[in-house]
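Visitor: Submitted below is the structure of interest, expressed as structure tokens.
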Amino acid sequence: MKSLDLAKPQPMAMGSRPAWRRWLDQRWDQWMTSPRVYRWAIANPFTRWMAQRRATQLFEVMAGFVHAQVLLACVRLQLFEALRQKPHSLAQLAQLGRMPEPAMQRLLHSAVALGLVEARGMDRYGLGPLGAPVAADPGLRQMIEHNAVLYDDMRDPLALLRDEVQPHMQAYWPYMNGDNTQGWEAEKVSRYSELMSLSQRFVIEELLATYDFSAHSQVLDIGGGKGGWVMALAKAAPSLRLQLMDLPPVAALAAERIAQAGLSQRISVHGGSFIGHALPQGADLITLVRVAHDHPDAVVKALLQKIHQALPSGGRLLLAEPMAQLGRGSAVADPYFHFYLLAMGSGRLRSADELRRFMLEAGFDAVEPLANPMPLHTQVLLGQKR
């Protein structure tokens with residue numbers, strides 16, 4: 001099978017190591033993999049904690065797929081919604097799940113271990129600390145269900161990496177086949193647009209808390225889907241005029257939703273491709289929310305140049321999306337996005353430094369990161385045109 005886009009590999013930006021450090025690294029690797037050193041570490045009370053911690057971390061990586069499947073089973077059984085109403089007994093939950101009590105108990109004990117469910121006394125179960133946000137957010141539940149497509153594509157990770165399979169994920173996102181919308185199925189457009197709309201709730205409040213949009217007069221959101229972001233922005237900043245641009249079938253869904261909300265006078269919708277069409281004019285701020293990582297470098301660079309040309313002097317670009325942490329301690333989301341985008345067949349996870357360089361090459365005079373309360377979902381860069 002041939003993927004639509006195999007991005008050029010990008011080295012981790014860590015710099016070259018001197019010869020003495022490479023020698024030390026090699027000696028350290030030999031020492032850390034020595035059975036003799038392991039026996040010493042678990043026998044020594046001062047190092048035993050580290051050996052135990054590393055073993056636990058490795059087991060968590062090994063068991064990660066099972067953990068995800070426990071979460072998926074709870075979502076499919078609507079377990080969190082039931083427990084949000086009131087605690088339930090094992091018998092009640094077994095009846096809800098249409099399975100024997102021993103099977104339900106196995107699932108519940110697993111969910112308790114993961115913090116998804118909480119034991120509430122004798123034979124009663126309620127929401128756990130990690131189950132509560134899943135119960136509260138339908139978008140999160142839909143994303144968990146959607147991840148089953150990715151799990152299917154990753155059954156043979158080497159086949160996926162070697163481009164030997166046709167990932168199901170590519171069929172889920174019709175725009176991965178280019179911006180020609182002829183032949184797009186309305187059901188697929190509606191399905192992926194709804195998923196994007198629901199999952200966008202994760203970042204809307206973060207963006208509103210990150211930047212003062214009231215300093216602008218008109219905002220253009222590119223790739224804005226069904227309009228959730230511009231509608232939230234319209235309510236948060238009543239003086240703003242807003243524009244949304246997306247592919248025609250998606251733009252039609254956005255226009256309908258915006259009209260139903262009574263915001264058509266403030267938000268104009270433009271159907272078109274940012275690859276093949278000119279951008280709408282007049283905005284002094286352009287937002288690009290979770291768009292760049294879906295596309296190859298050439299498309300992203302061309303889009304950034306178009307944005308720079310469309311902005312007036314002093315205009316700004318706010319770019320928000322997941323960004324690679326490059327091996328740092330907080331990089332738990334990196335593997336997910338690396339493989340998700342591989343299965344999609346286009347785009348890649350980039351670091352903030354890479355995107356900042358792209359923006360500077362496009363002509364932006366200054367590019368700075370903005371503090372975001374939840375960088376797991378998105379990081380934010382702000383660029384300004386001279």
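Ligands are numbered from 1 in the order shown, residues from 1 within each chain, and chains are lettered A, B, ... in the order they appear in the structure tokens.
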If you take only C-alpha atoms and a cut-off of 8 Å, which residues of stretch 290-374 of chain A touch stretch 203-218 of chain A, and what are their nearest atom pairs and distances in Å to one decimal, in chain and number order, as a tab-separated table?

Guide:
residue	atom	partner	partner_atom	distance
A:Leu370	CA	A:Thr210	CA	6.8
A:Ala371	CA	A:Thr210	CA	6.4
A:Asn372	CA	A:Thr210	CA	5.7
A:Pro373	CA	A:Glu206	CA	6.4
A:Met374	CA	A:Glu206	CA	6.8

Visitor: Could you pull out the strand (DSSP E or B) residues of stretch 106-348 of chain A from DSSP and send them as a VMD selection string?

Guide: chain A and resid 117 to 119 124 to 127 218 to 222 241 to 246 267 to 271 285 to 289 316 to 321 324

Visitor: Given the selection you just returned, output its residues as a file containing N, CA and C atoms, formatted as a CSV table (one decimal), in the first residue's frame.

Guide:
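Okay, out.csv is ready:
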chain,number,residue,atom,x,y,z
A,117,VAL,N,-13.3,3.9,38.0
A,117,VAL,CA,-14.4,3.6,38.8
A,117,VAL,C,-13.9,3.5,40.3
A,118,GLU,N,-14.8,3.7,41.2
A,118,GLU,CA,-14.4,3.7,42.6
A,118,GLU,C,-15.3,2.8,43.4
A,119,ALA,N,-14.7,2.0,44.2
A,119,ALA,CA,-15.5,1.1,45.1
A,119,ALA,C,-16.1,1.9,46.2
A,124,ARG,N,-20.8,-1.8,46.0
A,124,ARG,CA,-21.3,-0.6,45.3
A,124,ARG,C,-20.2,0.0,44.6
A,125,TYR,N,-20.5,0.6,43.4
A,125,TYR,CA,-19.5,1.2,42.6
A,125,TYR,C,-20.0,2.6,42.2
A,126,GLY,N,-19.0,3.6,42.2
A,126,GLY,CA,-19.3,4.9,41.7
A,126,GLY,C,-18.3,5.4,40.8
A,127,LEU,N,-18.4,6.7,40.3
A,127,LEU,CA,-17.4,7.2,39.4
A,127,LEU,C,-16.0,7.4,40.1
A,218,GLN,N,-11.4,41.8,13.6
A,218,GLN,CA,-11.9,40.8,12.8
A,218,GLN,C,-11.0,39.6,12.8
A,219,VAL,N,-11.6,38.4,13.0
A,219,VAL,CA,-10.8,37.1,13.1
A,219,VAL,C,-11.3,36.2,12.0
A,220,LEU,N,-10.3,35.6,11.3
A,220,LEU,CA,-10.6,34.5,10.4
A,220,LEU,C,-10.1,33.2,10.9
A,221,ASP,N,-10.9,32.2,11.0
A,221,ASP,CA,-10.5,30.9,11.4
A,221,ASP,C,-10.5,30.0,10.2
A,222,ILE,N,-9.3,29.4,9.9
A,222,ILE,CA,-9.1,28.5,8.8
A,222,ILE,C,-9.2,27.1,9.2
A,241,ARG,N,-15.9,40.8,14.7
A,241,ARG,CA,-16.5,40.2,13.5
A,241,ARG,C,-15.7,39.0,13.1
A,242,LEU,N,-16.3,38.0,12.6
A,242,LEU,CA,-15.7,36.7,12.5
A,242,LEU,C,-15.9,36.1,11.1
A,243,GLN,N,-14.9,35.3,10.6
A,243,GLN,CA,-15.0,34.6,9.4
A,243,GLN,C,-14.5,33.2,9.6
A,244,LEU,N,-15.2,32.2,8.9
A,244,LEU,CA,-14.8,30.8,8.9
A,244,LEU,C,-14.5,30.4,7.5
A,245,MET,N,-13.5,29.6,7.3
A,245,MET,CA,-13.2,29.0,6.0
A,245,MET,C,-12.9,27.5,6.2
A,246,ASP,N,-13.6,26.7,5.4
A,246,ASP,CA,-13.4,25.3,5.3
A,246,ASP,C,-13.9,24.7,4.0
A,267,ILE,N,-20.9,36.3,11.8
A,267,ILE,CA,-19.9,35.3,11.4
A,267,ILE,C,-20.2,35.0,9.9
A,268,SER,N,-19.3,35.3,9.0
A,268,SER,CA,-19.5,34.9,7.6
A,268,SER,C,-18.7,33.6,7.3
A,269,VAL,N,-19.3,32.8,6.5
A,269,VAL,CA,-18.7,31.4,6.2
A,269,VAL,C,-18.3,31.4,4.8
A,270,HIS,N,-17.1,30.9,4.5
A,270,HIS,CA,-16.5,30.8,3.2
A,270,HIS,C,-16.2,29.3,2.9
A,271,GLY,N,-16.8,28.8,1.8
A,271,GLY,CA,-16.5,27.4,1.4
A,271,GLY,C,-15.3,27.5,0.4
A,285,LEU,N,-6.5,39.2,12.7
A,285,LEU,CA,-6.1,38.0,13.4
A,285,LEU,C,-6.6,36.7,12.7
A,286,ILE,N,-5.7,35.8,12.4
A,286,ILE,CA,-6.1,34.5,11.8
A,286,ILE,C,-5.8,33.4,12.8
A,287,THR,N,-6.7,32.5,13.0
A,287,THR,CA,-6.5,31.4,13.9
A,287,THR,C,-6.4,30.1,13.1
A,288,LEU,N,-5.5,29.3,13.5
A,288,LEU,CA,-5.2,28.0,12.8
A,288,LEU,C,-5.2,26.9,14.0
A,289,VAL,N,-6.3,26.3,14.2
A,289,VAL,CA,-6.5,25.4,15.4
A,289,VAL,C,-6.6,24.0,15.0
A,316,ARG,N,-1.8,39.4,13.1
A,316,ARG,CA,-1.3,38.3,13.9
A,316,ARG,C,-1.9,36.9,13.5
A,317,LEU,N,-1.1,35.9,13.6
A,317,LEU,CA,-1.5,34.5,13.4
A,317,LEU,C,-1.4,33.8,14.8
A,318,LEU,N,-2.5,33.2,15.2
A,318,LEU,CA,-2.5,32.3,16.4
A,318,LEU,C,-2.6,30.9,16.0
A,319,LEU,N,-1.6,30.1,16.2
A,319,LEU,CA,-1.5,28.7,15.8
A,319,LEU,C,-1.5,27.8,17.0
A,320,ALA,N,-2.5,26.9,17.1
A,320,ALA,CA,-2.7,26.1,18.2
A,320,ALA,C,-2.9,24.6,17.8
A,321,GLU,N,-2.1,23.8,18.3
A,321,GLU,CA,-2.2,22.3,18.0
A,321,GLU,C,-1.3,21.5,18.9
A,324,ALA,N,5.2,18.3,19.4
A,324,ALA,CA,6.1,17.3,20.0
A,324,ALA,C,6.9,17.8,21.1

Visitor: Which residues are close to stretch 85-100 of chain A, i.e. within 12 Å by only C-alpha atoms, leaving aside same-chain residues fewer than 5 positions away? Reply as a VMD selection string.

Guide: chain A and resid 73 to 80 105 to 109 117 to 128 132 135 to 136

Visitor: Given the choices A:Tyr172, A:Phe46, A:Trp31, A:Phe364, which gets closest to A:Asn147 if the distance is worked out from only C-alpha atoms?

Guide: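 For A:Asn147, the nearest of the candidates is A:Tyr172.
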
Visitor: Once DSSP has gone over the backbone, tell me which residues of stretch 44-174 of chain A are in helix (DSSP H, G or I), as a PyMOL selection string.

Guide: chain A and resi 48-62+64-76+79-85+90-97+101-113+131-136+138-153+157-161+168-172+174

Visitor: Taking into account only C-alpha atoms, which residue in the set A:Ala103, A:Ala111, A:Ala51, A:Val291 is nearest to A:Val70?

Guide: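 That would be A:Ala111, the residue with the smallest distance to A:Val70.
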
Visitor: Which is closest to A:Lys385 among A:Ile275, A:Leu341, A:Leu304, A:Ala333, if we use only C-alpha atoms?

Guide: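 Answer, going by the shortest atom-to-atom distance: A:Leu304.
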
Visitor: List the spatial neighbours of A:Ser264 as a count of residues only - criterion: any atom at most 10 Å away, only C-alpha atoms, same-chain residues fewer than 5 positions off excluded.

Guide: 8

Visitor: Looking at A:Phe358, A:Trp229, A:Tyr38, A:Tyr151, which one is nearest to A:Asp297, with distances taken over only C-alpha atoms?

Guide: A:Phe358

Visitor: Quick one: of A:Gly347, A:Pro322, A:Gly262, A:Gly276, who's nearest to A:His377, counting only C-alpha atoms?

Guide: A:Pro322

Visitor: Report, in Å with one decimal, the straight-line distance from atom CA of A:Ala55 to atom CA of A:Leu326.

Guide: 22.9 Å

Visitor: Just to confirm, what's the straight-line distance from atom CA of A:Arg290 to atom CA of A:Thr378 in Å (one decimal)?

Guide: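 Atom CA of A:Arg290 sits 7.9 Å away from atom CA of A:Thr378.
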
Visitor: Which of these residues is nearest to A:Leu116, using only C-alpha atoms: A:Ala68, A:Leu342, A:Val300, A:Ala159?

Guide: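 Among the listed residues, the smallest separation from A:Leu116 belongs to A:Ala68.
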
Visitor: Tell me, as a list in words, which residues lie within 6 Å of stretch 366-369 of chain A, counting only C-alpha atoms; anything in the same chain fewer than 5 positions away does not count.

Guide: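 Final neighbour list, sorted by chain and number: Val380, Leu381, Leu382, Gly383 and Gln384 of chain A.
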
Visitor: Calculate how many Å separate atom CA of A:Phe274 from atom CA of A:Leu240, rounding to one decimal.

Guide: 22.6 Å
